[in-house]
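Just below is one structure, and these are the notes that go with it.
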Amino acid sequence: MSNTAADERIRGLRPPKPPVDPYAAHGTLVEEERRPDGRREQALTIFLAGAECPFTCAFCDLWRYTLDGPTPPGALARQVEQALNTVRRASAPQRVKLYNASNFFDRRAVPFEDRALLATMLRAFAGVTVESHASTVGDQTLAFAGLIAGRLEVAMGLETIHPVAMTQLNKRLDLPRFDAAARWLTSHGMELRVFVLLGAPFVPVSETVEWTVRSVEHAVEAGASVVSIIPVRGGNGEMERLRSLGSFVPPTLAQLEEALDRCLQFRPSVITADLWDIDRLTTCGVCRDARVTRLARINLTGCAEPRVACVECGAA
């Protein structure tokens with residue numbers, strides 16, 4: 001099936017999208033993060049409303065937070081300004097992450113004329129993180145890095161290195177392209193953050209954790225300073241279709257625990273478990289909170305801990 005046909009099928013299966021205001025961010029989050037040198041910093045994440053990503057990935061659920069057309073000029077600046085005004089009254093983060101559910105270097109998502117203004121607004125931050133598909137990394141990335149006062153970190157989705165799954169995700173990404181973008185970023189003095197999936201469709205369920213660990217290892221070898229393990233979520237229609245075909249099995253909390261525990265060896269890179277929507281993962285209701293709390297501690301310390309024992313489910 002061509003990418004165009006796959007795009008149409010995936011989009012056609014989506015449930016209705018809620019209305020999105022182009023002049024209001026979806027929200028902000030301030031949390032403590034660990035860096036590869038052991039420092040902890042306060043990081044502000046701004047969830048921006050903007051144009052949808054042109055890469056219609058099979059597993060993506062971020063489309064629901066995007067506009068139906070291009071981002072209006074000036075809209076992102078207003079969103080960032082409102083977020084900064086709110087946060088300045090509460091804390092002084094060292095890092096800001098602009099997550100626009102798309103690619104920062106796609107001009108439909110971030111108008112070119114807005115980038116200098118955004119860079120000026122972010123001058124107080126020592127680190128700035130934006131997200132991008134590997135294919136949109138290049139001269140525009142370097143130009144933006146030169147505009148900001150802090151150091152630029154680019155977050156890219158590797159997702160999985162499983163040879164079959166990688167070709168079936170409709171991401172239009174292969175390892176040579178990812179590796180080339182990673183080399184380019186690190187050679188130009190920028191930091192690399194990578195997203196890896198747990199429970200990627202088309203990966204046999206018995207091999208889910210193994211391929212997640214291999215994918216994290218590949219990201220680290222490519223120069224990633226931070227790797228986030230993200231459990232795949234359903235709800236976009238396509239994942240439900242793949243589940244009915246036996247090509248997708250939702251990941252469990254136990255798999256996330258095992259994957260993170262095994263990836264702590266990849267020092268000095270910071271490997272974390274993404275805990276967003278963690279309650280959607282299948283697990284025991286008795287020990288869930290204690291196990292999630294353990295993962296949150298490991299995210300901050302990077303230190304291995306014994307598993308939580310549970311008399312109800314036998315977890316240990």
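The chains in the structure tokens are called A, B, ... from first to last as shown; in each chain the residues are counted from 1, and the ligands are counted from 1 in the order shown.
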### Task
List the neighbours of range 1-18 of chain A out to 7 Å using only C-alpha atoms; skip same-chain residues closer than 3 positions along the sequence, and give me the result as a PyMOL selection string.
chain A and resi 56+58+64+170+236-238
Convert the current residue selection to file output with C-alpha atoms, as a PDB file, in the first residue's frame.
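The new file out06.pdb reads:
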```
ATOM      1  CA  THR A  56       0.578  10.137   9.365  1.00  0.00           C
ATOM      2  CA  ALA A  58      -0.053   4.466  12.374  1.00  0.00           C
ATOM      3  CA  ARG A  64      -6.264  15.349  18.077  1.00  0.00           C
ATOM      4  CA  ASN A 170       3.848   4.771   7.880  1.00  0.00           C
ATOM      5  CA  ASN A 236      -6.949   6.534  16.999  1.00  0.00           C
ATOM      6  CA  GLY A 237      -8.929   3.888  15.112  1.00  0.00           C
ATOM      7  CA  GLU A 238      -5.929   2.445  13.288  1.00  0.00           C
TER       8      GLU A 238
END
```
### Message
Quick check for you: according to DSSP on this backbone, which residues of range 242-293 of chain A are classed as strand (DSSP E or B)? Reply as a list of chain:residue names.
### Response
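Here are the strand (DSSP E or B) residues of range 242-293 of chain A: A:Thr252, A:Val270, A:Ile271, A:Thr272, A:Ala273, A:Thr282.
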### Task
Within 12 Å of range 302-307 of chain A, counting only C-alpha atoms, which residues show up once you throw out same-chain ones fewer than 6 positions away? Write them as a VMD selection string, please.
chain A and resid 33 to 40 226 253 to 254 257 to 258 260 to 273 287 to 288 290 to 296 314 to 316
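Using only C-alpha atoms, the smallest distance between any of A:Glu210, A:Phe144, A:Val194, A:Asp61 and Met239 in chain A comes from A:Asp61.
Distances here use only C-alpha atoms; by that measure, the residue among A:Val130, A:Glu153, A:Pro54, A:Phe125 closest to Arg108 in chain A is A:Pro54.
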#### Entry: DSSP alpha helix (DSSP H) residues within range 213-260 of chain A, as an MDAnalysis selection string
chainID A and resid 213:221 238:244 253:260
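With only C-alpha atoms as the atoms that count, the residue of A:Phe105, A:Trp211, A:Phe59, A:Phe178 with the shortest distance to Val232 in chain A is A:Phe59.
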### Message
If we count only C-alpha atoms and set the cut-off at 12 Å, which residues sit around Pro176 in chain A, ignoring sequence neighbours fewer than 2 positions away in its own chain? Please answer as a list in words.
### Response
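So, after excluding close chain neighbours, the residues are Ala134, Ser135, Leu158, Ile161, Arg172, Leu173, Asp174, Phe178, Asp179, Ala180, Ala181, Ala182, Arg183, His218 and Ala222 of chain A.
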Writing out the chosen residues with N, CA and C atoms as a tab-separated table (two decimals), in the first residue's frame:
```tsv
chain	number	residue	atom	x	y	z
A	134	ALA	N	13.12	13.19	11.53
A	134	ALA	CA	14.51	13.20	11.07
A	134	ALA	C	14.68	13.90	9.73
A	135	SER	N	13.66	13.83	8.88
A	135	SER	CA	13.79	14.40	7.54
A	135	SER	C	13.67	15.92	7.52
A	158	LEU	N	12.49	7.68	17.00
A	158	LEU	CA	13.05	6.51	16.34
A	158	LEU	C	11.98	5.41	16.30
A	161	ILE	N	13.51	-0.24	15.96
A	161	ILE	CA	14.41	-0.68	14.90
A	161	ILE	C	14.02	-2.06	14.40
A	172	ARG	N	7.65	6.90	7.29
A	172	ARG	CA	8.58	7.34	6.25
A	172	ARG	C	9.97	7.58	6.84
A	173	LEU	N	10.41	6.59	7.61
A	173	LEU	CA	11.71	6.69	8.28
A	173	LEU	C	12.42	5.35	8.19
A	174	ASP	N	13.72	5.39	7.88
A	174	ASP	CA	14.55	4.20	7.96
A	174	ASP	C	15.78	4.53	8.79
A	178	PHE	N	17.54	8.21	10.00
A	178	PHE	CA	17.61	8.58	11.41
A	178	PHE	C	19.06	8.80	11.84
A	179	ASP	N	19.92	7.86	11.50
A	179	ASP	CA	21.32	7.94	11.92
A	179	ASP	C	22.00	9.17	11.33
A	180	ALA	N	21.68	9.51	10.08
A	180	ALA	CA	22.29	10.69	9.46
A	180	ALA	C	21.85	11.96	10.18
A	181	ALA	N	20.58	12.04	10.53
A	181	ALA	CA	20.09	13.22	11.25
A	181	ALA	C	20.72	13.31	12.63
A	182	ALA	N	20.85	12.17	13.30
A	182	ALA	CA	21.47	12.16	14.63
A	182	ALA	C	22.93	12.63	14.55
A	183	ARG	N	23.67	12.12	13.57
A	183	ARG	CA	25.06	12.55	13.40
A	183	ARG	C	25.15	14.04	13.11
A	218	HIS	N	20.23	1.44	20.27
A	218	HIS	CA	20.60	2.08	19.00
A	218	HIS	C	20.56	3.60	19.13
A	222	ALA	N	23.65	6.24	18.71
A	222	ALA	CA	23.56	7.31	17.72
A	222	ALA	C	23.81	8.68	18.34
```
